[in-house]
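Enquirer: For reference, the file protein-v1.pdb (PDB, C-alpha atoms, pLDDT in the B column) is included below:
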```pdb
MODEL        1
ATOM      1  CA  MET D 201      65.779 117.402  58.537  1.00 56.00           C
ATOM      2  CA  ALA D 202      66.948 116.356  61.999  1.00 63.00           C
ATOM      3  CA  TYR D 203      65.473 117.591  65.283  1.00 60.00           C
ATOM      4  CA  SER D 204      68.463 119.853  65.744  1.00 65.00           C
ATOM      5  CA  ASP D 205      67.616 121.645  62.472  1.00 71.00           C
ATOM      6  CA  PHE D 206      64.447 123.117  63.955  1.00 71.00           C
ATOM      7  CA  SER D 207      64.395 126.612  65.387  1.00 75.00           C
ATOM      8  CA  LEU D 208      61.374 127.378  67.540  1.00 77.00           C
ATOM      9  CA  THR D 209      59.963 129.657  64.822  1.00 81.00           C
ATOM     10  CA  LYS D 210      60.456 127.030  62.123  1.00 79.00           C
ATOM     11  CA  PHE D 211      58.827 124.399  64.323  1.00 76.00           C
ATOM     12  CA  ARG D 212      55.853 126.634  65.159  1.00 81.00           C
ATOM     13  CA  ASN D 213      55.326 127.514  61.490  1.00 81.00           C
ATOM     14  CA  ASN D 214      55.773 123.972  60.135  1.00 80.00           C
ATOM     15  CA  PHE D 215      53.373 122.367  62.600  1.00 76.00           C
ATOM     16  CA  GLN D 216      50.974 125.279  63.379  1.00 79.00           C
ATOM     17  CA  ILE D 217      51.712 125.067  67.108  1.00 75.00           C
ATOM     18  CA  THR D 218      50.647 127.612  69.726  1.00 80.00           C
ATOM     19  CA  ILE D 219      53.181 128.186  72.485  1.00 76.00           C
ATOM     20  CA  LYS D 220      52.027 128.979  76.034  1.00 78.00           C
ATOM     21  CA  GLU D 221      54.949 130.094  78.163  1.00 78.00           C
ATOM     22  CA  GLU D 222      53.100 130.851  81.384  1.00 78.00           C
ATOM     23  CA  ILE D 223      52.145 127.267  82.305  1.00 81.00           C
ATOM     24  CA  ASP D 224      54.157 125.711  85.162  1.00 84.00           C
ATOM     25  CA  LEU D 225      53.868 121.978  84.528  1.00 78.00           C
ATOM     26  CA  PHE D 226      55.725 121.087  87.696  1.00 82.00           C
ATOM     27  CA  ALA D 227      54.053 123.424  90.196  1.00 87.00           C
ATOM     28  CA  THR D 228      52.578 120.534  92.185  1.00 92.00           C
ATOM     29  CA  VAL D 229      55.568 118.190  91.992  1.00 89.00           C
ATOM     30  CA  GLU D 230      57.334 117.703  95.300  1.00 92.00           C
ATOM     31  CA  PRO D 231      61.148 117.706  95.187  1.00 90.00           C
ATOM     32  CA  ILE D 232      62.958 114.547  96.236  1.00 90.00           C
ATOM     33  CA  GLU D 233      66.165 114.329  98.196  1.00 93.00           C
ATOM     34  CA  ILE D 234      69.205 113.234  96.249  1.00 94.00           C
ATOM     35  CA  SER D 235      71.611 110.648  97.557  1.00 97.00           C
ATOM     36  CA  GLU D 236      74.943 111.400  99.140  1.00 97.00           C
ATOM     37  CA  LYS D 237      76.497 109.391  96.312  1.00 97.00           C
ATOM     38  CA  LEU D 238      75.135 111.804  93.676  1.00 97.00           C
ATOM     39  CA  THR D 239      76.058 114.833  95.753  1.00 96.00           C
ATOM     40  CA  ASN D 240      79.658 113.624  96.075  1.00 97.00           C
ATOM     41  CA  THR D 241      79.903 112.656  92.408  1.00 97.00           C
ATOM     42  CA  LEU D 242      78.642 116.036  91.198  1.00 96.00           C
ATOM     43  CA  ARG D 243      80.896 117.841  93.661  1.00 96.00           C
ATOM     44  CA  GLU D 244      83.837 116.019  92.090  1.00 96.00           C
ATOM     45  CA  THR D 245      82.856 116.186  88.412  1.00 96.00           C
ATOM     46  CA  THR D 246      80.905 119.387  87.746  1.00 95.00           C
ATOM     47  CA  GLU D 247      83.815 121.809  87.919  1.00 95.00           C
ATOM     48  CA  LEU D 248      85.896 119.555  85.675  1.00 96.00           C
ATOM     49  CA  ALA D 249      83.066 119.108  83.139  1.00 93.00           C
ATOM     50  CA  LEU D 250      82.536 122.860  82.941  1.00 91.00           C
ATOM     51  CA  ALA D 251      86.278 123.480  82.599  1.00 94.00           C
ATOM     52  CA  ILE D 252      86.546 120.971  79.728  1.00 94.00           C
ATOM     53  CA  ASN D 253      83.462 122.697  78.286  1.00 87.00           C
ATOM     54  CA  THR D 254      82.340 120.088  75.765  1.00 87.00           C
ATOM     55  CA  GLU D 255      78.943 118.439  75.359  1.00 83.00           C
ATOM     56  CA  LYS D 256      80.567 115.044  75.864  1.00 89.00           C
ATOM     57  CA  ALA D 257      82.162 116.086  79.168  1.00 91.00           C
ATOM     58  CA  ARG D 258      78.896 117.550  80.474  1.00 89.00           C
ATOM     59  CA  SER D 259      77.065 114.450  79.340  1.00 90.00           C
ATOM     60  CA  GLU D 260      79.436 111.999  80.991  1.00 93.00           C
ATOM     61  CA  MET D 261      80.227 113.922  84.157  1.00 95.00           C
ATOM     62  CA  ILE D 262      76.955 115.699  84.993  1.00 94.00           C
ATOM     63  CA  ILE D 263      73.963 114.264  83.158  1.00 92.00           C
ATOM     64  CA  THR D 264      74.806 110.554  83.333  1.00 95.00           C
ATOM     65  CA  PRO D 265      75.284 110.536  87.121  1.00 96.00           C
ATOM     66  CA  ILE D 266      71.913 112.280  87.486  1.00 95.00           C
ATOM     67  CA  LEU D 267      70.221 109.730  85.225  1.00 95.00           C
ATOM     68  CA  LEU D 268      71.775 106.887  87.181  1.00 97.00           C
ATOM     69  CA  GLU D 269      70.332 108.457  90.332  1.00 96.00           C
ATOM     70  CA  VAL D 270      66.907 108.571  88.658  1.00 95.00           C
ATOM     71  CA  ARG D 271      67.283 104.899  87.802  1.00 96.00           C
ATOM     72  CA  ARG D 272      68.180 104.037  91.402  1.00 96.00           C
ATOM     73  CA  LYS D 273      65.221 106.109  92.707  1.00 95.00           C
ATOM     74  CA  ALA D 274      62.970 104.202  90.271  1.00 95.00           C
ATOM     75  CA  ASN D 275      64.205 100.932  91.790  1.00 96.00           C
ATOM     76  CA  TYR D 276      65.867  99.995  88.469  1.00 96.00           C
ATOM     77  CA  GLN D 277      62.480  99.700  86.743  1.00 96.00           C
ATOM     78  CA  ILE D 278      63.474 101.997  83.852  1.00 96.00           C
ATOM     79  CA  SER D 279      65.954 101.779  81.005  1.00 96.00           C
ATOM     80  CA  LEU D 280      68.366 104.466  79.844  1.00 95.00           C
ATOM     81  CA  PHE D 281      69.601 105.140  76.321  1.00 92.00           C
ATOM     82  CA  SER D 282      72.281 107.607  75.257  1.00 91.00           C
ATOM     83  CA  ASP D 283      72.849 109.171  71.810  1.00 86.00           C
ATOM     84  CA  THR D 284      70.104 107.033  70.299  1.00 83.00           C
ATOM     85  CA  ASP D 285      68.873 107.151  66.703  1.00 81.00           C
ATOM     86  CA  PHE D 286      65.140 107.752  67.070  1.00 74.00           C
ATOM     87  CA  ASN D 287      63.170 108.297  63.878  1.00 72.00           C
ATOM     88  CA  VAL D 288      59.394 108.715  63.927  1.00 68.00           C
ATOM     89  CA  ASP D 289      58.410 110.621  60.775  1.00 69.00           C
ATOM     90  CA  ILE D 290      61.327 111.339  58.445  1.00 72.00           C
ATOM     91  CA  GLU D 291      59.102 113.069  55.849  1.00 76.00           C
ATOM     92  CA  ARG D 292      58.074 115.677  58.433  1.00 68.00           C
ATOM     93  CA  GLY D 293      61.618 116.118  59.710  1.00 65.00           C
ATOM     94  CA  LEU D 294      61.079 114.205  62.942  1.00 65.00           C
ATOM     95  CA  ASN D 295      64.218 112.155  62.853  1.00 69.00           C
ATOM     96  CA  GLY D 296      67.659 112.128  64.314  1.00 72.00           C
ATOM     97  CA  TYR D 297      69.527 111.306  67.459  1.00 77.00           C
ATOM     98  CA  CYS D 298      68.248 111.931  70.967  1.00 78.00           C
ATOM     99  CA  ASP D 299      70.777 112.830  73.606  1.00 83.00           C
ATOM    100  CA  PHE D 300      69.060 110.652  76.208  1.00 88.00           C
ATOM    101  CA  VAL D 301      65.924 108.528  76.342  1.00 89.00           C
ATOM    102  CA  ILE D 302      64.379 107.071  79.481  1.00 91.00           C
ATOM    103  CA  SER D 303      61.892 104.249  79.024  1.00 91.00           C
ATOM    104  CA  ARG D 304      59.444 102.998  81.640  1.00 91.00           C
ATOM    105  CA  SER D 305      60.395  99.507  80.522  1.00 92.00           C
ATOM    106  CA  ARG D 306      63.389  97.730  82.065  1.00 93.00           C
ATOM    107  CA  GLU D 307      64.354  96.321  78.654  1.00 94.00           C
ATOM    108  CA  GLN D 308      67.666  97.716  77.362  1.00 93.00           C
ATOM    109  CA  LEU D 309      67.639  96.079  73.922  1.00 92.00           C
ATOM    110  CA  THR D 310      64.938  98.303  72.413  1.00 87.00           C
ATOM    111  CA  ILE D 311      63.168 101.509  73.365  1.00 84.00           C
ATOM    112  CA  ASN D 312      59.655 100.862  74.627  1.00 81.00           C
ATOM    113  CA  VAL D 313      56.925 103.350  75.517  1.00 80.00           C
ATOM    114  CA  PRO D 314      56.266 105.272  77.610  1.00 80.00           C
ATOM    115  CA  ILE D 315      59.427 107.285  77.171  1.00 79.00           C
ATOM    116  CA  LEU D 316      60.968 110.570  78.173  1.00 80.00           C
ATOM    117  CA  ILE D 317      63.481 112.370  75.967  1.00 77.00           C
ATOM    118  CA  ILE D 318      66.223 114.583  77.371  1.00 77.00           C
ATOM    119  CA  VAL D 319      67.784 117.118  75.013  1.00 70.00           C
ATOM    120  CA  GLU D 320      70.900 119.078  75.955  1.00 68.00           C
ATOM    121  CA  ALA D 321      71.073 122.773  75.156  1.00 61.00           C
ATOM    122  CA  LYS D 322      73.583 123.297  72.397  1.00 62.00           C
ATOM    123  CA  HIS D 323      76.462 125.668  73.152  1.00 59.00           C
ATOM    124  CA  GLU D 324      74.789 126.666  76.450  1.00 63.00           C
ATOM    125  CA  ASN D 325      72.006 128.273  74.413  1.00 62.00           C
ATOM    126  CA  ILE D 326      68.653 127.298  75.945  1.00 64.00           C
ATOM    127  CA  LYS D 327      66.572 129.397  73.535  1.00 70.00           C
ATOM    128  CA  GLY D 328      68.459 128.022  70.542  1.00 69.00           C
ATOM    129  CA  GLY D 329      67.604 124.463  71.569  1.00 69.00           C
ATOM    130  CA  LEU D 330      63.858 125.026  72.064  1.00 72.00           C
ATOM    131  CA  GLY D 331      63.000 124.112  68.470  1.00 72.00           C
ATOM    132  CA  GLN D 332      64.833 120.815  68.845  1.00 68.00           C
ATOM    133  CA  CYS D 333      63.012 120.149  72.125  1.00 71.00           C
ATOM    134  CA  ALA D 334      59.636 120.998  70.599  1.00 73.00           C
ATOM    135  CA  ALA D 335      60.288 118.685  67.646  1.00 71.00           C
ATOM    136  CA  ALA D 336      61.192 115.887  70.068  1.00 70.00           C
ATOM    137  CA  ILE D 337      57.956 116.485  72.009  1.00 70.00           C
ATOM    138  CA  LEU D 338      55.909 116.347  68.813  1.00 71.00           C
ATOM    139  CA  LYS D 339      57.695 113.154  67.866  1.00 64.00           C
ATOM    140  CA  LEU D 340      56.681 111.605  71.179  1.00 64.00           C
ATOM    141  CA  ASN D 341      53.080 112.650  70.623  1.00 67.00           C
ATOM    142  CA  LEU D 342      53.052 111.132  67.115  1.00 66.00           C
ATOM    143  CA  LEU D 343      54.641 107.939  68.396  1.00 63.00           C
ATOM    144  CA  TYR D 344      52.008 107.704  71.116  1.00 61.00           C
ATOM    145  CA  GLN D 345      49.216 108.165  68.568  1.00 65.00           C
ATOM    146  CA  VAL D 346      50.647 105.457  66.299  1.00 62.00           C
ATOM    147  CA  LEU D 347      50.982 102.996  69.161  1.00 56.00           C
ATOM    148  CA  ARG D 348      47.537 103.825  70.466  1.00 60.00           C
ATOM    149  CA  SER D 349      45.965 103.234  67.015  1.00 64.00           C
ATOM    150  CA  LYS D 350      47.757  99.865  66.730  1.00 57.00           C
ATOM    151  CA  ARG D 351      46.318  98.797  70.106  1.00 53.00           C
ATOM    152  CA  SER D 352      42.776  99.540  68.960  1.00 48.00           C
ATOM    153  CA  LEU D 353      43.093  97.304  65.853  1.00 42.00           C
TER     154      LEU D 353
ENDMDL
END
```
Show the structure stored in the file as structure tokens.

Expert:
Amino acid sequence: MAYSDFSLTKFRNNFQITIKEEIDLFATVEPIEISEKLTNTLRETTELALAINTEKARSEMIITPILLEVRRKANYQISLFSDTDFNVDIERGLNGYCDFVISRSREQLTINVPILIIVEAKHENIKGGLGQCAAAILKLNLLYQVLRSKRSL
């Protein structure tokens, strides 16, 4: 089962997860100013990406420029991966492709922790993609636990 096969209900039932909707994880995060380069790029590409109305167009014309901006703001100290096969626990259904992965490592040859996964909403359906996002979050947690246990050996 791939990440995209999970609905939120299926994910919650399979992994006995409690969902708390009222928490604002980013309440204390200060916004940063975006560059003129990103502003101009998005001004040029967003309307076209939405008119084409495919995941690939949105990915290439909206998300990628934003991720490149993040990389510039991080002084090129991160790596970016797109449409990456990322399997953690196939038996539990935590396998499949991630739309985007950001790694704190500069290395582009392999994905190194810590990482951040970005999942696009499918067919502009945010609720429909929550199961996939939750499965990706659980995968990150499992990966962290595995790596942490290897460090303590």

Enquirer: Which one is closest to Arg258 (chain D): D:Ile302, D:Leu242, D:Leu208, D:Cys333? Count only C-alpha atoms.

Expert: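 Closest to Arg258 (chain D), using only C-alpha atoms: D:Leu242.
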
Enquirer: So, counting all atoms listed in the file, which residue among D:Lys210, D:Arg304, D:Lys237, D:Arg272 is closest to Leu330 (chain D)?

Expert: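 The answer is D:Lys210, which sits nearest to Leu330 (chain D).
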
Enquirer: My list of candidates is D:Ser235, D:Thr264, D:Ser305, D:Thr254. Which is closest to Gln277 (chain D) when distances are computed with all atoms listed in the file?

Expert: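 For Gln277 (chain D), the nearest of the given residues is D:Ser305.
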
Enquirer: Name the residues in contact with Thr310 (chain D) at a cut-off of 12 Å, using all atoms listed in the file, excluding same-chain residues fewer than 3 positions from it; report them as a VMD selection string.

Expert: chain D and resid 279 to 281 284 to 286 301 to 307 313 315

Enquirer: Put those residues in a file: C-alpha atoms, as a compact mmCIF listing (two decimals), in the frame of the given file.

Expert:
```txt
# COMPACT_ATOMS: atom_id res chain seq x y z
CA SER D 279 65.95 101.78 81.00
CA LEU D 280 68.37 104.47 79.84
CA PHE D 281 69.60 105.14 76.32
CA THR D 284 70.10 107.03 70.30
CA ASP D 285 68.87 107.15 66.70
CA PHE D 286 65.14 107.75 67.07
CA VAL D 301 65.92 108.53 76.34
CA ILE D 302 64.38 107.07 79.48
CA SER D 303 61.89 104.25 79.02
CA ARG D 304 59.44 103.00 81.64
CA SER D 305 60.40 99.51 80.52
CA ARG D 306 63.39 97.73 82.06
CA GLU D 307 64.35 96.32 78.65
CA VAL D 313 56.92 103.35 75.52
CA ILE D 315 59.43 107.28 77.17
```

Enquirer: Quick check, in Å to one decimal: how far apart do CA of Pro265 (chain D) and CA of Thr241 (chain D) lie?

Expert: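 So the two atoms, CA of Pro265 (chain D) and CA of Thr241 (chain D), lie 7.3 Å apart.
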
Enquirer: Give me the residues near Phe215 (chain D) as a ChimeraX atom specification, where near means some atom within 10 Å (using all atoms listed in the file) and where sequence neighbours in that chain fewer than 4 positions away do not count.

Expert: /D:210-211,292,335,338

Enquirer: Save out the residues we just selected, C-alpha atoms, as a PDB file, in the coordinates of the input.

Expert:
```
ATOM      1  CA  LYS D 210      60.456 127.030  62.123  1.00 79.00           C
ATOM      2  CA  PHE D 211      58.827 124.399  64.323  1.00 76.00           C
ATOM      3  CA  ARG D 292      58.074 115.677  58.433  1.00 68.00           C
ATOM      4  CA  ALA D 335      60.288 118.685  67.646  1.00 71.00           C
ATOM      5  CA  LEU D 338      55.909 116.347  68.813  1.00 71.00           C
TER       6      LEU D 338
END
```

Enquirer: Have a look at D:Leu238, D:Ala249, D:Leu267, D:Ala227 and name the one nearest to Ile318 (chain D); count all atoms listed in the file.

Expert: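 Closest to Ile318 (chain D), using all atoms listed in the file: D:Leu267.
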
Enquirer: Do you know which residues lie at most 8 Å from (78.4, 120.7, 78.4), with coordinates as in the file and only C-alpha atoms counted, and could you write them as a list of chain:residue names?

Expert: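 All residues meeting the 8 Å criterion around (78.4, 120.7, 78.4) are D:Ala249, D:Leu250, D:Asn253, D:Thr254, D:Glu255, D:Lys256, D:Ala257, D:Arg258, D:Ser259, D:His323, D:Glu324.
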
Enquirer: Quick one: pull the distance between CA of Glu230 (chain D) and CA of Glu269 (chain D), Å, one decimal.

Expert: 16.7 Å

Enquirer: Out of D:Glu233, D:Glu291, D:Glu244, D:Asp299, which residue has the shortest atom-to-atom distance to Lys273 (chain D) when counting only C-alpha atoms?

Expert: D:Glu233

Enquirer: Where's the centre, and what are the edge lengths in Å to one decimal, of a box along x, y and z enclosing all listed atoms of region 270-285 of chain D padded 6 Å per side, as AutoDock Vina command-line options?

Expert:
```
--center_x 67.7 --center_y 104.4 --center_z 79.7 --size_x 22.4 --size_y 21.5 --size_z 38.0
```

Enquirer: Considering only C-alpha atoms, state which residue in the set D:Asn240, D:Thr245, D:Thr228, D:Asn287 is at the smallest distance from Ala336 (chain D).

Expert: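 Distance minimum relative to Ala336 (chain D) lands on D:Asn287.
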
Enquirer: Between CA of Leu309 (chain D) and CA of Ala334 (chain D), what is the distance in Å, rounded to a tenth?

Expert: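 Pair CA of Leu309 (chain D) / CA of Ala334 (chain D) returns 26.4 Å.
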